[in-house]
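**Q** Below you'll find the structure I mean.
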Amino acid sequence: MLRFFPQKNKYIQKESTFTFDSEGPIPGHVAIIMDGNGRWAQNRRLPRIAGHKEGMNTVKKVTKHASKLGIKVLTLYAFSTENWKRPTDEVSFLMQLPVDFFDTFVPELIKENVKVQVMGYKEFLPAHTQEAVERAIEQTKNNTGMILNFALNYGSRAEILTAVKEIAEKTANNELSPDNITETTIADHLMTGFLAEDLRDPELLIRTSGEERISNFLLWQIAYSELFFTDALWPDFKDDLLEQALASFQNRNRRFGGLKETEEEDK
C-alpha cells in the first residue's frame, strides 16, 4: 500500500509581484510544459508513476479553471518523442493514463463544453491509447468552448521536419511554387494548423518544476510567446498559480519587435 511520507523538498509558493485581473487581457492560447511529476513522487518516497497519476488530477483542475477564465486553447505537453527513452514500466503506465483519464473526465469535459484535440505522431502510440484518444475527440467534437489540446508523442523538430517534407513534395509535384511559400504556408503544415490562425501561436508558455528550457516544444509557434517559469512541480500547480502566470502576462510589455506608441513619443 502506498504511503505518504513527509516531503524532502516542500514547495513554498512565492508571493506574486502582480495581481491577476479577471477583467484584464487573457491570452487566447496558453501552452504548458507539465514537468516535475517524478520529482513530486520522489519527494514523498513514492514511485514515479504516483506522480504521473497525481499530475492527471492537476490537468483536470487546471483545464476547468482555464476554461472558466476564458482561455480559448490550452495545449499541454503530455508525452514527447524523447520520452520513449524512459523505463519500460513507466512508459507503459504513461500510455495507459490517457485511457483512464478520458474514461473518467470526458463526461465533465462535455459538461464544461471543452473540446479535446491531440497533436503528435498518434500512429505510433499503442492501439489502446489511440482508441482512447480518438474516442475522446469524437465524443467532444461538438463542444464549442475551450480546446484542450494534448501534445502526445510530439516533438517540435520532428514536426518542422515533417512540414518541410510535405511542402517540398508539393513543390516537386508543381502544386506549390517556392516563390509562394510564406510563414503561413509553414504554419498551415504544422500540427497546430487545425487551429484558427490567430490561435495557433501560444501567447503564454508556462513551464513548471524550476527548469528553464523549452525541451523541443512548439519551437516555431513560441517565437513571440511570453515565458513563465515556476519552481512548483506540476502536481502542485494550482488555480492560483495559473492566475499568477496570467497576472505576469498581463503586466508584460508585448512589442513584437516594435515600439508601443508611448515609447515612440519618448524617442
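Chain labels A, B, ... are given in the sequence in which chains occur in the C-alpha cells; within each chain residues are numbered consecutively from 1, and ligands are likewise numbered from 1 in the order shown.
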Need to verify the contact set: Asn251 (chain A), 8 Å, only C-alpha atoms, exclusion of same-chain residues closer than 3 positions in sequence. Can you return it as number ranges by chain?
**A** A: 18, 247-248
**Q** Tell me, as a compact mmCIF listing (two decimals) with all heavy atoms, in the first residue's frame, which residues lie within 10 Å of Gln244 (chain A), counting only C-alpha atoms; anything in the same chain fewer than 5 positions away does not count.
**A**
# COMPACT_ATOMS: atom_id res chain seq x y z
N GLU A 15 5.38 34.81 -3.08
CA GLU A 15 4.39 35.88 -3.22
C GLU A 15 4.54 36.52 -4.59
O GLU A 15 5.64 36.82 -5.04
CB GLU A 15 4.60 36.93 -2.12
CG GLU A 15 3.51 37.99 -2.10
CD GLU A 15 3.66 38.92 -0.92
OE1 GLU A 15 4.39 38.56 0.02
OE2 GLU A 15 3.06 40.01 -0.96
N SER A 16 3.42 36.71 -5.26
CA SER A 16 3.45 37.25 -6.61
C SER A 16 3.65 38.76 -6.59
O SER A 16 3.16 39.47 -5.71
CB SER A 16 2.13 36.93 -7.33
OG SER A 16 2.13 37.51 -8.62
N THR A 17 4.39 39.25 -7.59
CA THR A 17 4.60 40.69 -7.74
C THR A 17 3.36 41.37 -8.28
O THR A 17 3.11 42.54 -8.01
CB THR A 17 5.79 40.95 -8.70
OG1 THR A 17 6.92 40.20 -8.26
CG2 THR A 17 6.15 42.42 -8.76
N PHE A 18 2.57 40.60 -9.05
CA PHE A 18 1.41 41.16 -9.73
C PHE A 18 0.12 40.52 -9.23
O PHE A 18 0.13 39.42 -8.69
CB PHE A 18 1.52 40.96 -11.24
CG PHE A 18 2.81 41.46 -11.83
CD1 PHE A 18 3.77 40.59 -12.32
CD2 PHE A 18 3.07 42.83 -11.90
CE1 PHE A 18 4.96 41.05 -12.86
CE2 PHE A 18 4.25 43.30 -12.43
CZ PHE A 18 5.20 42.42 -12.91
N THR A 19 -0.97 41.23 -9.44
CA THR A 19 -2.30 40.73 -9.08
C THR A 19 -3.09 40.43 -10.34
O THR A 19 -3.15 41.27 -11.25
CB THR A 19 -3.07 41.77 -8.23
OG1 THR A 19 -2.30 42.05 -7.05
CG2 THR A 19 -4.44 41.24 -7.84
N PHE A 20 -3.67 39.26 -10.39
CA PHE A 20 -4.45 38.87 -11.56
C PHE A 20 -5.72 39.68 -11.66
O PHE A 20 -6.44 39.87 -10.67
CB PHE A 20 -4.78 37.38 -11.50
CG PHE A 20 -5.75 36.92 -12.56
CD1 PHE A 20 -5.39 36.95 -13.90
CD2 PHE A 20 -7.02 36.48 -12.21
CE1 PHE A 20 -6.28 36.54 -14.88
CE2 PHE A 20 -7.91 36.06 -13.18
CZ PHE A 20 -7.54 36.09 -14.52
N ASP A 21 -6.00 40.18 -12.86
CA ASP A 21 -7.21 40.96 -13.13
C ASP A 21 -8.11 40.16 -14.05
O ASP A 21 -7.79 39.98 -15.23
CB ASP A 21 -6.82 42.30 -13.77
CG ASP A 21 -8.04 43.17 -14.08
OD1 ASP A 21 -9.16 42.78 -13.71
OD2 ASP A 21 -7.85 44.22 -14.72
N PHE A 228 6.85 31.92 -18.80
CA PHE A 228 6.67 31.99 -17.35
C PHE A 228 7.18 30.69 -16.75
O PHE A 228 6.67 29.61 -17.07
CB PHE A 228 5.19 32.20 -17.00
CG PHE A 228 4.93 32.30 -15.52
CD1 PHE A 228 5.02 33.52 -14.85
CD2 PHE A 228 4.60 31.17 -14.77
CE1 PHE A 228 4.78 33.62 -13.49
CE2 PHE A 228 4.36 31.26 -13.40
CZ PHE A 228 4.46 32.48 -12.77
N THR A 230 8.04 28.52 -13.19
CA THR A 230 7.74 28.43 -11.76
C THR A 230 8.46 27.22 -11.17
O THR A 230 8.66 26.20 -11.83
CB THR A 230 6.22 28.29 -11.51
OG1 THR A 230 6.00 28.06 -10.11
CG2 THR A 230 5.60 27.15 -12.29
N LYS A 238 -1.56 24.84 -8.86
CA LYS A 238 -2.97 25.04 -8.54
C LYS A 238 -3.55 26.21 -9.32
O LYS A 238 -2.86 26.90 -10.05
CB LYS A 238 -3.14 25.26 -7.04
CG LYS A 238 -2.47 24.22 -6.16
CD LYS A 238 -2.98 22.81 -6.43
CE LYS A 238 -2.30 21.80 -5.51
NZ LYS A 238 -2.66 20.41 -5.84
N ASP A 239 -4.85 26.44 -9.11
CA ASP A 239 -5.55 27.51 -9.81
C ASP A 239 -4.89 28.87 -9.58
O ASP A 239 -4.78 29.69 -10.49
CB ASP A 239 -7.01 27.58 -9.36
CG ASP A 239 -7.81 26.37 -9.81
OD1 ASP A 239 -7.28 25.55 -10.58
OD2 ASP A 239 -8.98 26.24 -9.40
N PHE A 249 1.66 37.76 -17.27
CA PHE A 249 1.40 38.04 -18.69
C PHE A 249 0.74 39.41 -18.86
O PHE A 249 1.10 40.18 -19.75
CB PHE A 249 0.49 36.95 -19.26
CG PHE A 249 -0.02 37.23 -20.65
CD1 PHE A 249 0.74 36.93 -21.76
CD2 PHE A 249 -1.27 37.82 -20.84
CE1 PHE A 249 0.28 37.20 -23.04
CE2 PHE A 249 -1.75 38.09 -22.11
CZ PHE A 249 -0.96 37.78 -23.21
N GLN A 250 -0.22 39.71 -18.01
CA GLN A 250 -0.96 40.96 -18.12
C GLN A 250 -0.07 42.18 -17.90
O GLN A 250 -0.42 43.29 -18.33
CB GLN A 250 -2.12 40.97 -17.11
CG GLN A 250 -3.22 40.00 -17.46
CD GLN A 250 -4.31 39.92 -16.39
OE1 GLN A 250 -4.08 40.26 -15.22
NE2 GLN A 250 -5.51 39.49 -16.78
**Q** Counting only C-alpha atoms, what is within 7 Å of region 204-211 of chain A, bar same-chain residues fewer than 4 positions away, as an mmCIF file with N, CA and C atoms, in the first residue's frame?
**A**
data_model
loop_
_atom_site.group_PDB
_atom_site.id
_atom_site.type_symbol
_atom_site.label_atom_id
_atom_site.label_comp_id
_atom_site.auth_asym_id
_atom_site.auth_seq_id
_atom_site.Cartn_x
_atom_site.Cartn_y
_atom_site.Cartn_z
ATOM 1 N N PRO A 27 -4.752 35.620 -22.347
ATOM 2 C CA PRO A 27 -4.179 35.030 -23.558
ATOM 3 C C PRO A 27 -5.127 34.031 -24.198
ATOM 4 N N HIS A 29 -4.333 31.601 -26.241
ATOM 5 C CA HIS A 29 -3.719 30.274 -26.284
ATOM 6 C C HIS A 29 -2.625 30.211 -25.224
ATOM 7 N N VAL A 30 -2.765 29.286 -24.301
ATOM 8 C CA VAL A 30 -1.766 29.046 -23.264
ATOM 9 C C VAL A 30 -1.215 27.639 -23.448
ATOM 10 N N ALA A 31 0.103 27.504 -23.425
ATOM 11 C CA ALA A 31 0.745 26.196 -23.530
ATOM 12 C C ALA A 31 1.511 25.929 -22.241
ATOM 13 N N ILE A 32 1.486 24.680 -21.794
ATOM 14 C CA ILE A 32 2.162 24.334 -20.538
ATOM 15 C C ILE A 32 3.036 23.097 -20.717
ATOM 16 N N ILE A 33 4.286 23.232 -20.294
ATOM 17 C CA ILE A 33 5.178 22.073 -20.181
ATOM 18 C C ILE A 33 5.008 21.544 -18.761
ATOM 19 N N MET A 34 4.309 20.431 -18.640
ATOM 20 C CA MET A 34 3.950 19.874 -17.324
ATOM 21 C C MET A 34 5.113 19.041 -16.793
ATOM 22 N N ASP A 35 5.973 19.658 -16.025
ATOM 23 C CA ASP A 35 7.206 18.996 -15.597
ATOM 24 C C ASP A 35 7.217 18.820 -14.083
ATOM 25 N N GLY A 36 7.805 17.724 -13.628
ATOM 26 C CA GLY A 36 8.034 17.529 -12.205
ATOM 27 C C GLY A 36 7.219 16.448 -11.539
ATOM 28 N N SER A 225 6.038 34.216 -27.893
ATOM 29 C CA SER A 225 5.292 33.886 -26.678
ATOM 30 C C SER A 225 5.968 34.497 -25.452
ATOM 31 N N GLU A 226 5.151 34.872 -24.469
ATOM 32 C CA GLU A 226 5.682 35.256 -23.169
ATOM 33 C C GLU A 226 5.972 33.975 -22.392
ATOM 34 N N LEU A 227 7.105 33.919 -21.705
ATOM 35 C CA LEU A 227 7.518 32.729 -20.975
ATOM 36 C C LEU A 227 7.357 32.948 -19.473
ATOM 37 N N PHE A 228 6.847 31.921 -18.805
ATOM 38 C CA PHE A 228 6.667 31.987 -17.353
ATOM 39 C C PHE A 228 7.177 30.686 -16.752
ATOM 40 N N PHE A 229 8.176 30.793 -15.869
ATOM 41 C CA PHE A 229 8.740 29.623 -15.216
ATOM 42 C C PHE A 229 8.418 29.664 -13.727
ATOM 43 N N THR A 230 8.037 28.525 -13.187
ATOM 44 C CA THR A 230 7.740 28.428 -11.759
ATOM 45 C C THR A 230 8.459 27.222 -11.165
ATOM 46 N N ASP A 231 8.861 27.348 -9.897
ATOM 47 C CA ASP A 231 9.519 26.235 -9.207
ATOM 48 C C ASP A 231 8.535 25.138 -8.825
ATOM 49 N N ALA A 232 7.243 25.427 -8.856
ATOM 50 C CA ALA A 232 6.240 24.435 -8.468
ATOM 51 C C ALA A 232 6.308 23.212 -9.371
ATOM 52 N N LEU A 233 6.294 22.036 -8.786
ATOM 53 C CA LEU A 233 6.195 20.803 -9.555
ATOM 54 C C LEU A 233 4.763 20.700 -10.087
ATOM 55 N N TRP A 234 4.585 20.037 -11.222
ATOM 56 C CA TRP A 234 3.270 20.056 -11.860
ATOM 57 C C TRP A 234 2.127 19.639 -10.928
#
**Q** Between A:Asp89, A:Glu54, A:Met95, A:Asn113, which residue has the minimum interatomic distance to Lys68 (chain A), considering only C-alpha atoms?
**A** A:Asn113
**Q** From a backbone DSSP assignment, name each residue in region 49-267 of chain A labelled strand (DSSP E), as an MDAnalysis selection string.
**A** chainID A and resid 73:80 115:119 147:154 204:207 226:229
**Q** May I have the residues from that selection written out with N, CA and C atoms, as an mmCIF file, in the first residue's frame?
**A**
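Below you can see result-v2.cif, which holds the result:
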data_model
loop_
_atom_site.group_PDB
_atom_site.id
_atom_site.type_symbol
_atom_site.label_atom_id
_atom_site.label_comp_id
_atom_site.auth_asym_id
_atom_site.auth_seq_id
_atom_site.Cartn_x
_atom_site.Cartn_y
_atom_site.Cartn_z
ATOM 1 N N VAL A 73 -7.595 28.180 -26.010
ATOM 2 C CA VAL A 73 -6.844 26.957 -26.312
ATOM 3 C C VAL A 73 -5.848 26.708 -25.188
ATOM 4 N N LEU A 74 -5.855 25.492 -24.646
ATOM 5 C CA LEU A 74 -4.887 25.079 -23.634
ATOM 6 C C LEU A 74 -4.133 23.874 -24.190
ATOM 7 N N THR A 75 -2.859 24.069 -24.516
ATOM 8 C CA THR A 75 -2.039 22.990 -25.066
ATOM 9 C C THR A 75 -1.115 22.453 -23.983
ATOM 10 N N LEU A 76 -1.204 21.166 -23.713
ATOM 11 C CA LEU A 76 -0.439 20.529 -22.647
ATOM 12 C C LEU A 76 0.546 19.523 -23.231
ATOM 13 N N TYR A 77 1.812 19.657 -22.848
ATOM 14 C CA TYR A 77 2.860 18.754 -23.319
ATOM 15 C C TYR A 77 2.805 17.492 -22.466
ATOM 16 N N ALA A 78 2.149 16.467 -22.996
ATOM 17 C CA ALA A 78 1.879 15.264 -22.207
ATOM 18 C C ALA A 78 2.943 14.182 -22.360
ATOM 19 N N PHE A 79 3.483 14.024 -23.585
ATOM 20 C CA PHE A 79 4.459 12.962 -23.832
ATOM 21 C C PHE A 79 5.246 13.350 -25.071
ATOM 22 N N SER A 80 6.562 13.444 -24.934
ATOM 23 C CA SER A 80 7.393 13.868 -26.057
ATOM 24 C C SER A 80 7.928 12.676 -26.837
ATOM 25 N N LYS A 115 -13.560 21.005 -25.807
ATOM 26 C CA LYS A 115 -13.307 20.123 -26.950
ATOM 27 C C LYS A 115 -11.893 19.558 -26.884
ATOM 28 N N VAL A 116 -11.760 18.256 -27.025
ATOM 29 C CA VAL A 116 -10.448 17.595 -26.966
ATOM 30 C C VAL A 116 -9.827 17.501 -28.361
ATOM 31 N N GLN A 117 -8.557 17.859 -28.439
ATOM 32 C CA GLN A 117 -7.750 17.619 -29.629
ATOM 33 C C GLN A 117 -6.422 17.026 -29.183
ATOM 34 N N VAL A 118 -5.808 16.261 -30.049
ATOM 35 C CA VAL A 118 -4.500 15.672 -29.742
ATOM 36 C C VAL A 118 -3.603 15.847 -30.953
ATOM 37 N N MET A 119 -2.429 16.415 -30.737
ATOM 38 C CA MET A 119 -1.465 16.553 -31.833
ATOM 39 C C MET A 119 -0.202 15.768 -31.487
ATOM 40 N N ILE A 147 -10.580 24.653 -26.320
ATOM 41 C CA ILE A 147 -9.945 23.472 -26.908
ATOM 42 C C ILE A 147 -8.848 23.002 -25.962
ATOM 43 N N LEU A 148 -8.967 21.772 -25.481
ATOM 44 C CA LEU A 148 -7.931 21.135 -24.663
ATOM 45 C C LEU A 148 -7.088 20.294 -25.607
ATOM 46 N N ASN A 149 -5.904 20.787 -25.913
ATOM 47 C CA ASN A 149 -5.061 20.195 -26.936
ATOM 48 C C ASN A 149 -3.856 19.507 -26.294
ATOM 49 N N PHE A 150 -3.828 18.181 -26.352
ATOM 50 C CA PHE A 150 -2.710 17.425 -25.797
ATOM 51 C C PHE A 150 -1.636 17.210 -26.861
ATOM 52 N N ALA A 151 -0.392 17.503 -26.503
ATOM 53 C CA ALA A 151 0.748 17.150 -27.348
ATOM 54 C C ALA A 151 1.234 15.785 -26.875
ATOM 55 N N LEU A 152 0.928 14.759 -27.651
ATOM 56 C CA LEU A 152 1.163 13.367 -27.246
ATOM 57 C C LEU A 152 2.003 12.684 -28.306
ATOM 58 N N ASN A 153 3.169 12.184 -27.900
ATOM 59 C CA ASN A 153 4.193 11.706 -28.834
ATOM 60 C C ASN A 153 4.515 12.830 -29.825
ATOM 61 N N TYR A 154 4.820 13.980 -29.244
ATOM 62 C CA TYR A 154 5.076 15.188 -30.013
ATOM 63 C C TYR A 154 6.517 15.652 -29.807
ATOM 64 N N LEU A 204 1.208 32.683 -24.218
ATOM 65 C CA LEU A 204 1.890 32.430 -22.947
ATOM 66 C C LEU A 204 2.319 30.976 -22.881
ATOM 67 N N LEU A 205 3.587 30.755 -22.555
ATOM 68 C CA LEU A 205 4.121 29.403 -22.332
ATOM 69 C C LEU A 205 4.555 29.303 -20.878
ATOM 70 N N ILE A 206 4.032 28.306 -20.182
ATOM 71 C CA ILE A 206 4.350 28.074 -18.773
ATOM 72 C C ILE A 206 5.148 26.782 -18.651
ATOM 73 N N ARG A 207 6.194 26.802 -17.835
ATOM 74 C CA ARG A 207 6.883 25.555 -17.505
ATOM 75 C C ARG A 207 7.014 25.439 -15.992
ATOM 76 N N GLU A 226 5.151 34.872 -24.469
ATOM 77 C CA GLU A 226 5.682 35.256 -23.169
ATOM 78 C C GLU A 226 5.972 33.975 -22.392
ATOM 79 N N LEU A 227 7.105 33.919 -21.705
ATOM 80 C CA LEU A 227 7.518 32.729 -20.975
ATOM 81 C C LEU A 227 7.357 32.948 -19.473
ATOM 82 N N PHE A 228 6.847 31.921 -18.805
ATOM 83 C CA PHE A 228 6.667 31.987 -17.353
ATOM 84 C C PHE A 228 7.177 30.686 -16.752
ATOM 85 N N PHE A 229 8.176 30.793 -15.869
ATOM 86 C CA PHE A 229 8.740 29.623 -15.216
ATOM 87 C C PHE A 229 8.418 29.664 -13.727
#
**Q** Considering only helix (DSSP H, G or I) as DSSP defines it on the backbone, what residues of region 15-195 of chain A qualify? List them as a PyMOL selection string.
**A** chain A and resi 37-43+48-69+83-85+88-111+122-124+127-139+156-172+178-180+183-189
